[in-house]
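As provided, start_8.txt (compact mmCIF, C-alpha atoms and all ligand atoms) reads as follows.
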```txt
# COMPACT_ATOMS: atom_id res chain seq x y z
CA MET A 1 125.20 274.92 134.32
CA MET A 2 122.35 272.54 135.11
CA ALA A 3 118.94 273.51 133.80
CA ASP A 4 116.21 273.87 136.48
CA SER A 5 113.11 271.66 136.47
CA ILE A 6 110.90 274.22 134.69
CA THR A 7 113.43 274.49 131.91
CA MET A 8 113.62 270.70 131.71
CA GLU A 9 109.84 270.45 131.44
CA THR A 10 109.79 273.10 128.72
CA LEU A 11 112.67 271.41 126.98
CA TYR A 12 110.92 268.04 127.18
CA ARG A 13 107.77 269.49 125.57
CA ARG A 14 109.85 270.86 122.73
CA LEU A 15 111.93 267.72 122.30
CA ILE A 16 108.93 265.42 121.92
CA LYS A 17 108.13 267.38 118.75
CA MET A 18 111.56 266.48 117.34
CA GLY A 19 111.60 262.74 117.95
CA THR A 20 110.87 260.67 121.03
CA ALA A 21 111.64 261.87 124.53
CA GLU A 22 111.20 260.34 127.97
CA ARG A 23 111.56 261.97 131.37
CA ASN A 24 113.28 260.54 134.46
CA VAL A 25 114.52 257.42 132.72
CA PRO A 26 116.42 254.67 134.58
CA MET A 27 119.67 254.34 132.63
CA LYS A 28 119.75 250.63 133.50
CA ASN A 29 117.16 250.38 130.69
CA TYR A 30 119.72 251.68 128.21
CA THR A 31 122.98 250.10 129.34
CA THR A 32 124.14 246.51 128.94
CA PHE A 33 125.52 246.61 132.52
CA LYS A 34 121.87 247.13 133.60
CA THR A 35 122.94 249.70 136.18
CA GLY A 36 122.69 253.48 136.48
CA GLY A 37 120.32 256.07 137.94
CA LEU A 38 117.80 258.37 136.33
CA ALA A 39 118.53 260.57 133.34
CA ASP A 40 116.50 263.79 133.35
CA ILE A 41 115.56 263.28 129.69
CA VAL A 42 116.42 260.65 127.10
CA PHE A 43 115.87 261.95 123.58
CA CYS A 44 116.00 260.09 120.24
CA PRO A 45 115.86 262.48 117.29
CA GLY A 46 113.57 261.61 114.39
CA THR A 47 115.86 263.02 111.70
CA ARG A 48 119.32 264.58 111.37
CA GLU A 49 117.75 268.01 111.06
CA GLN A 50 115.81 267.45 114.27
CA LEU A 51 119.03 266.35 115.97
CA ARG A 52 120.75 269.54 114.85
CA ASP A 53 117.80 271.72 115.95
CA ALA A 54 117.56 269.97 119.30
CA LEU A 55 121.28 270.42 119.94
CA ALA A 56 121.04 274.12 119.08
CA LEU A 57 118.17 274.46 121.53
CA MET A 58 120.09 272.67 124.27
CA ARG A 59 123.19 274.75 123.65
CA ALA A 60 121.14 277.92 123.88
CA GLN A 61 119.70 276.71 127.21
CA SER A 62 123.13 275.57 128.51
CA VAL A 63 121.72 272.09 129.06
CA PRO A 64 124.35 269.36 129.46
CA VAL A 65 124.21 266.80 126.65
CA THR A 66 125.43 263.19 126.79
CA VAL A 67 125.43 261.17 123.57
CA ILE A 68 125.06 257.41 123.74
CA GLY A 69 124.53 254.59 121.27
CA GLY A 70 123.69 251.06 122.36
CA GLY A 71 125.03 251.65 125.89
CA SER A 72 127.30 248.59 125.67
CA ASN A 73 130.45 250.35 126.83
CA LEU A 74 129.02 252.58 129.56
CA LEU A 75 128.99 252.66 133.34
CA VAL A 76 126.44 255.31 134.34
CA SER A 77 126.49 256.75 137.87
CA ASP A 78 123.80 255.64 140.30
CA ASP A 79 122.99 259.37 140.58
CA GLY A 80 122.04 259.31 136.92
CA ILE A 81 122.71 261.93 134.26
CA ARG A 82 121.67 265.57 134.46
CA GLY A 83 120.41 267.24 131.34
CA VAL A 84 119.63 265.39 128.13
CA VAL A 85 120.88 262.01 126.99
CA VAL A 86 120.79 261.95 123.20
CA ARG A 87 120.39 258.31 122.28
CA LEU A 88 121.51 257.50 118.76
CA ALA A 89 120.36 253.90 118.57
CA CYS A 90 117.66 252.45 116.42
CA ASP A 91 115.95 249.59 118.24
CA ASN A 92 113.88 248.23 115.36
CA GLY A 93 116.04 249.07 112.36
CA ARG A 94 114.98 251.75 109.90
CA PRO A 95 114.81 251.45 106.11
CA GLY A 96 117.74 253.21 104.48
CA LEU A 97 119.85 253.43 107.63
CA ILE A 98 122.32 251.03 106.00
CA ARG A 99 122.69 251.12 102.22
CA LEU A 100 125.04 250.33 99.36
CA CYS A 101 126.68 253.49 98.01
CA GLY A 102 128.89 251.73 95.48
CA ASP A 103 129.84 248.21 94.55
CA GLU A 104 131.95 247.75 97.70
CA LEU A 105 131.02 250.85 99.67
CA VAL A 106 128.41 250.71 102.44
CA CYS A 107 126.96 253.78 104.13
CA ALA A 108 125.58 253.32 107.65
CA GLY A 109 123.93 255.78 110.04
CA ALA A 110 125.24 256.07 113.60
CA GLU A 111 122.01 254.55 114.94
CA ALA A 112 122.35 251.33 112.97
CA GLY A 113 123.14 248.22 114.99
CA LYS A 114 126.40 246.40 114.33
CA ARG A 115 124.49 243.16 113.94
CA GLU A 116 122.24 244.67 111.25
CA PHE A 117 125.34 246.10 109.55
CA VAL A 118 127.08 242.71 109.44
CA ASN A 119 123.93 241.00 108.13
CA PHE A 120 123.41 243.68 105.50
CA CYS A 121 126.98 243.25 104.24
CA LEU A 122 126.67 239.45 104.16
CA ASP A 123 123.42 239.72 102.18
CA ALA A 124 125.17 242.12 99.77
CA GLY A 125 127.91 239.52 99.19
CA LEU A 126 130.62 241.57 100.91
CA GLU A 127 133.41 240.64 103.32
CA GLY A 128 135.90 242.46 105.54
CA MET A 129 133.47 243.27 108.38
CA GLU A 130 133.36 239.76 109.91
CA PHE A 131 135.37 240.86 112.97
CA LEU A 132 132.26 242.77 114.13
CA ALA A 133 130.30 239.54 114.52
CA GLY A 134 128.71 239.30 117.95
CA MET A 135 129.83 242.77 119.04
CA PRO A 136 126.89 244.67 120.56
CA GLY A 137 125.97 248.34 120.17
CA CYS A 138 125.67 250.71 117.27
CA ILE A 139 127.77 251.99 114.40
CA GLY A 140 128.27 255.44 116.00
CA GLY A 141 129.52 254.01 119.29
CA GLY A 142 131.74 251.60 117.38
CA ILE A 143 133.30 254.44 115.38
CA VAL A 144 133.95 256.60 118.44
CA MET A 145 135.50 253.65 120.30
CA ASN A 146 137.31 252.32 117.22
CA ALA A 147 135.88 249.06 118.47
CA GLY A 148 137.41 245.82 117.35
CA THR A 149 139.15 242.57 118.09
CA ASN A 150 142.51 241.07 117.18
CA MET A 151 140.96 240.48 113.71
CA GLY A 152 140.42 244.17 112.97
CA THR A 153 138.97 247.48 114.07
CA PHE A 154 136.48 250.00 112.68
CA ALA A 155 139.34 252.11 111.33
CA ASP A 156 140.34 249.22 109.04
CA ILE A 157 137.09 249.43 107.10
CA LEU A 158 135.92 252.99 107.76
CA GLU A 159 136.77 255.28 104.86
CA THR A 160 134.94 258.45 105.85
CA VAL A 161 133.08 259.56 108.95
CA GLU A 162 130.35 262.17 109.07
CA PHE A 163 129.80 264.09 112.28
CA LEU A 164 128.38 267.25 113.80
CA ASP A 165 131.07 269.47 115.27
CA GLY A 166 130.67 271.50 118.47
CA GLY A 167 129.07 274.33 116.49
CA GLY A 168 126.44 272.02 114.97
CA LEU A 169 128.00 271.93 111.50
CA VAL A 170 128.15 268.71 109.52
CA GLN A 171 131.77 267.72 108.92
CA THR A 172 133.27 264.91 106.90
CA MET A 173 136.62 263.38 107.79
CA GLU A 174 138.67 260.83 105.92
CA VAL A 175 139.84 258.16 108.35
CA THR A 176 143.58 257.79 107.85
CA ARG A 177 145.94 255.62 109.91
CA ASP A 178 147.24 258.56 111.96
CA LYS A 179 143.71 259.36 113.20
CA ALA A 180 143.02 255.85 114.46
CA HIS A 181 144.21 254.65 117.85
CA TYR A 182 143.52 251.83 120.27
CA ARG A 183 139.82 252.26 121.12
CA LYS A 184 139.74 255.85 119.85
CA ILE A 185 139.46 257.82 116.63
CA ASP A 186 140.50 261.49 116.60
CA LEU A 187 137.31 263.44 116.00
CA GLY A 188 137.27 266.19 118.60
CA ASP A 189 135.60 265.95 122.01
CA ASP A 190 132.29 267.53 120.99
CA ALA A 191 131.85 265.52 117.79
CA ILE A 192 128.57 263.69 117.38
CA VAL A 193 128.93 260.90 114.86
CA LEU A 194 126.16 260.78 112.25
CA GLY A 195 127.46 257.82 110.30
CA GLY A 196 130.21 256.47 108.10
CA TYR A 197 131.17 255.05 104.73
CA PHE A 198 132.73 251.60 104.92
CA ARG A 199 135.04 250.20 102.25
CA LEU A 200 134.57 246.43 102.02
CA ARG A 201 135.43 243.74 99.48
CA ARG A 202 133.31 241.59 97.24
CA ALA A 203 133.44 238.16 98.87
CA SER A 204 135.09 235.54 96.70
CA ASP A 205 133.09 232.97 98.70
CA PRO A 206 130.00 234.55 100.38
CA ASP A 207 129.23 231.31 102.24
CA ALA A 208 132.69 231.36 103.81
CA ALA A 209 132.12 234.92 105.10
CA ARG A 210 128.75 233.85 106.55
CA ASN A 211 130.35 230.81 108.18
CA THR A 212 133.09 232.97 109.71
CA VAL A 213 130.44 235.24 111.24
CA SER A 214 128.54 232.26 112.68
CA ARG A 215 131.75 230.76 114.06
CA LEU A 216 132.83 234.01 115.73
CA ILE A 217 129.41 234.41 117.34
CA SER A 218 129.56 230.82 118.65
CA GLU A 219 133.09 231.36 120.00
CA ARG A 220 131.95 234.44 121.89
CA GLY A 221 129.19 232.36 123.43
CA VAL A 222 131.83 229.99 124.81
CA LYS A 223 134.53 232.52 125.83
CA HIS A 224 132.39 235.38 127.17
CA PRO A 225 129.97 235.34 130.11
CA LEU A 226 127.02 236.38 127.95
CA GLY A 227 124.44 235.15 130.45
CA TYR A 228 125.12 238.16 132.69
CA PRO A 229 124.88 241.91 132.08
CA SER A 230 128.30 243.46 131.39
CA ALA A 231 130.04 246.00 129.20
CA GLY A 232 132.48 243.55 127.64
CA SER A 233 136.15 244.00 128.43
CA VAL A 234 136.48 246.51 131.24
CA PHE A 235 140.16 247.38 130.81
CA LYS A 236 142.30 248.17 127.79
CA ASN A 237 145.26 245.87 127.29
CA PRO A 238 148.41 247.71 128.48
CA ASP A 239 151.31 247.60 126.01
CA GLY A 240 152.80 244.11 126.09
CA TYR A 241 150.20 242.65 128.48
CA SER A 242 146.76 241.07 128.43
CA SER A 243 144.48 242.56 131.05
CA TRP A 244 142.63 239.29 131.58
CA LYS A 245 145.92 237.54 132.38
CA LEU A 246 147.11 240.22 134.81
CA ILE A 247 143.74 240.08 136.60
CA ASN A 248 143.77 236.29 136.59
CA ASP A 249 147.36 236.09 137.89
CA ALA A 250 146.53 238.60 140.63
CA GLY A 251 144.06 236.00 141.93
CA LEU A 252 141.02 238.15 141.23
CA LYS A 253 138.92 235.60 139.33
CA GLY A 254 135.49 235.59 140.98
CA LYS A 255 136.33 238.61 143.19
CA ARG A 256 133.05 240.19 144.23
CA ILE A 257 131.90 243.55 145.55
CA GLY A 258 128.15 243.81 146.15
CA GLY A 259 126.41 242.49 143.06
CA ALA A 260 129.44 242.94 140.78
CA MET A 261 131.92 240.15 140.12
CA VAL A 262 135.07 239.55 138.10
CA SER A 263 133.92 236.86 135.68
CA GLU A 264 135.37 233.42 136.23
CA LEU A 265 135.03 232.69 132.51
CA HIS A 266 136.82 235.83 131.24
CA THR A 267 138.61 237.86 133.89
CA ASN A 268 138.54 241.13 131.92
CA PHE A 269 134.73 241.09 132.20
CA ILE A 270 132.99 242.46 135.28
CA ILE A 271 129.51 241.01 135.40
CA ASN A 272 126.37 242.10 137.17
CA VAL A 273 125.48 238.91 139.03
CA ASP A 274 122.96 240.22 141.53
CA ASN A 275 121.40 243.67 141.08
CA ALA A 276 124.76 245.42 141.16
CA THR A 277 124.90 249.17 141.52
CA SER A 278 127.27 251.19 139.39
CA GLU A 279 129.14 251.97 142.60
CA ASP A 280 129.68 248.21 143.13
CA VAL A 281 131.15 248.01 139.63
CA ARG A 282 133.29 251.10 140.09
CA SER A 283 134.60 249.87 143.44
CA LEU A 284 135.53 246.56 141.83
CA ILE A 285 137.29 248.40 138.99
CA VAL A 286 139.37 250.36 141.53
CA CYS A 287 140.05 247.20 143.55
CA VAL A 288 141.29 245.36 140.43
CA GLN A 289 143.45 248.33 139.41
CA ASN A 290 145.03 248.51 142.87
CA GLU A 291 145.66 244.78 143.17
CA VAL A 292 147.17 244.49 139.69
CA TYR A 293 149.35 247.54 140.30
CA ALA A 294 150.52 246.19 143.66
CA ARG A 295 151.38 242.78 142.15
CA PHE A 296 152.80 243.73 138.77
CA GLY A 297 153.37 247.52 138.76
CA VAL A 298 151.05 247.84 135.75
CA ARG A 299 148.28 250.44 135.74
CA LEU A 300 145.07 249.19 134.10
CA GLU A 301 143.09 251.84 132.25
CA PRO A 302 139.33 251.36 131.86
CA GLU A 303 138.00 250.86 128.36
CA VAL A 304 134.50 251.31 129.75
CA LYS A 305 133.34 254.94 129.80
CA LEU A 306 132.18 256.28 133.16
CA VAL A 307 129.29 258.71 132.75
CA GLY A 308 127.90 261.05 135.44
CA GLU A 309 129.19 261.79 138.94
CA PHE A 310 131.20 259.05 140.69
C1 LIG B 401 129.25 241.31 125.57
C2 LIG B 401 130.06 242.45 125.05
C3 LIG B 401 131.10 242.21 124.16
C4 LIG B 401 131.88 243.27 123.66
N1 LIG B 401 132.88 243.00 122.79
C5 LIG B 401 133.63 244.01 122.31
C6 LIG B 401 134.71 243.75 121.39
O1 LIG B 401 134.95 242.63 120.98
N2 LIG B 401 135.45 244.80 120.98
C7 LIG B 401 135.20 246.08 121.38
O2 LIG B 401 135.90 247.01 120.95
N3 LIG B 401 134.18 246.36 122.24
C8 LIG B 401 133.40 245.36 122.71
N4 LIG B 401 132.38 245.63 123.59
C9 LIG B 401 132.15 247.02 124.04
C10 LIG B 401 131.15 247.77 123.17
O3 LIG B 401 130.20 246.89 122.60
C11 LIG B 401 131.81 248.58 122.05
O4 LIG B 401 132.71 249.55 122.56
C12 LIG B 401 130.76 249.28 121.19
O5 LIG B 401 131.36 249.70 120.00
C13 LIG B 401 130.09 250.45 121.87
O6 LIG B 401 129.01 250.84 121.04
P1 LIG B 401 127.69 251.47 121.66
O7 LIG B 401 126.81 251.89 120.54
O8 LIG B 401 127.07 250.55 122.64
O9 LIG B 401 128.29 252.75 122.38
P2 LIG B 401 127.99 253.37 123.87
O10 LIG B 401 128.38 252.34 124.85
O11 LIG B 401 126.58 253.82 123.88
O12 LIG B 401 128.97 254.57 123.86
C14 LIG B 401 130.37 254.38 123.86
C15 LIG B 401 131.06 255.75 123.77
O13 LIG B 401 130.77 256.34 122.51
C16 LIG B 401 130.07 257.58 122.66
N5 LIG B 401 129.08 257.60 121.56
C17 LIG B 401 128.19 256.64 121.24
N6 LIG B 401 127.54 256.98 120.10
C18 LIG B 401 128.02 258.19 119.71
C19 LIG B 401 127.77 259.06 118.62
N7 LIG B 401 126.89 258.78 117.65
N8 LIG B 401 128.47 260.24 118.54
C20 LIG B 401 129.37 260.56 119.50
N9 LIG B 401 129.66 259.78 120.56
C21 LIG B 401 129.00 258.60 120.66
C22 LIG B 401 129.48 257.55 124.06
O14 LIG B 401 129.36 258.86 124.58
C23 LIG B 401 130.56 256.75 124.80
O15 LIG B 401 131.64 257.58 125.14
C24 LIG B 401 131.59 244.59 124.08
C25 LIG B 401 130.53 244.82 124.97
C26 LIG B 401 129.78 243.78 125.45
C27 LIG B 401 128.62 244.05 126.38
```
Kindly transcribe the structure held in the file into structure tokens.
Amino acid sequence: MMADSITMETLYRRLIKMGTAERNVPMKNYTTFKTGGLADIVFCPGTREQLRDALALMRAQSVPVTVIGGGSNLLVSDDGIRGVVVRLACDNGRPGLIRLCGDELVCAGAEAGKREFVNFCLDAGLEGMEFLAGMPGCIGGGIVMNAGTNMGTFADILETVEFLDGGGLVQTMEVTRDKAHYRKIDLGDDAIVLGGYFRLRRASDPDAARNTVSRLISERGVKHPLGYPSAGSVFKNPDGYSSWKLINDAGLKGKRIGGAMVSELHTNFIINVDNATSEDVRSLIVCVQNEVYARFGVRLEPEVKLVGEF
């Protein structure tokens, strides 16, 4: 059920006492695609307790809740998002959000940025997290997506995840192999990730780890179209195939719909070249899926999460 405007106003007044809240927020401000319509409310909780209280309030009011992190894997509808967007992303860092919990164990809150996490680990003389170099977004979003590259994924270094379950209770789950999948960790649909404990290694050569991070960031700058808004790779790689190659071989390099274009540099990226709408991007996603299916009989599945009504 969608809350009416009076309820949203009342809710807004209560939420600003529990963190920061904004009304009628263009989601293009909070997504790396730089598209998306208005969210009724975007709320960032001040503390975990305030998050829990706010969620209880929203549940009691039957207000739809959408949780986001850095917005780097999202395509939000041009019609926006009804209800409350809970944004678990810390723009300016926060003391204590990432900390050492043991010699080789790092604890990080969901809101922490991946970049800050990597830098913290390097400064602590640790290694094992280098594959995250240059990957945007937050720790929470990375855990939910089991984000990674061919060098590793979150599940490789994540020992334990802390989350709120659908009833608002804090749960802790050990991350074992059977719970980790390609771009997904089994947590339950309503789970809101609070943070995780990461098992790393003491670097035998800290300078080498730092150099690897710098190299990976430079390589991304060459291989990825970072000059344009995007959400990274749009499609998962089907078993036995590379999506970029299927898209390339289907002749879709540079294919354009409205302001959205299949990148010429990396064909699994759709880039926002000229004030694209989310509908432009979605239409291009469908077009690519259809063309690749027609040519190769392979169905491409989006890695990007579509949020709101399409
Ligand atoms: C230039 C570029 C390069 C990229 N490279 C890579 C790459 O190499 N590998 C890779 O895997 N991805 C890559 N991505 C995609 C993206 O950065 C990752 O998926 C990232 O981990 C998403 O994190 P986020 O905080 O931005 O999550 P969001 O995009 O905000 O959210 C992603 C999903 O997680 C959910 N979510 C977010 N936070 C929480 C939380 N605390 N609790 C519950 N649910 C939550 C959201 O509802 C959504 O379903 C890239 C993106 C870009 C733009």
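Residues near the point (135.9, 246.6, 124.4), at a distance of 9 Å or less over all atoms listed in the file, make up A:Ser72, A:Asn73, A:Met135, A:Met145, A:Ala147, A:Gly148, A:Thr149, A:Arg183, A:Ala231, A:Gly232, A:Ser233, A:Val234, A:Phe235, A:Lys236, A:Glu303, A:Val304.
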As a quick test: using only C-alpha atoms and all ligand atoms, which residues lie no more than 6 Å away from ligand LIG 401 (chain B)? Give them as a PyMOL selection string. chain A and resi 32+67-74+88+110+135-138+140-142+144-145+147-149+191-194+226+230-232+305
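For the set A:Ala54, A:Leu75, A:Leu11, A:Val222, the residue with the smallest atom-to-atom gap to Asp280 of chain A is A:Leu75, counting all atoms listed in the file.
When atom CA of Asn119 of chain A is paired with atom CA of His181 of chain A, their separation reads 26.3 Å.
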As a check of understanding: the span from atom CA of Pro26 of chain A to atom CA of Val281 of chain A is 16.9 Å
For each of A:Val288, A:Met27, A:Leu55, A:Ala124, take the minimum atom-to-atom distance to Ile81 of chain A, counting all atoms listed in the file, then give the residue where this is smallest. A:Met27
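Proximity ranking of A:Ile143, A:Leu100, A:Leu216, A:Met58 relative to Asp186 of chain A places A:Ile143 first, based on only C-alpha atoms.
Separating atom CA of Arg215 of chain A from atom CA of Glu130 of chain A is a distance of 10.0 Å.
Shortest atom-to-atom contact with Thr7 of chain A among A:Cys107, A:Ser62, A:Arg282, A:Pro229: A:Ser62, counting all atoms listed in the file.
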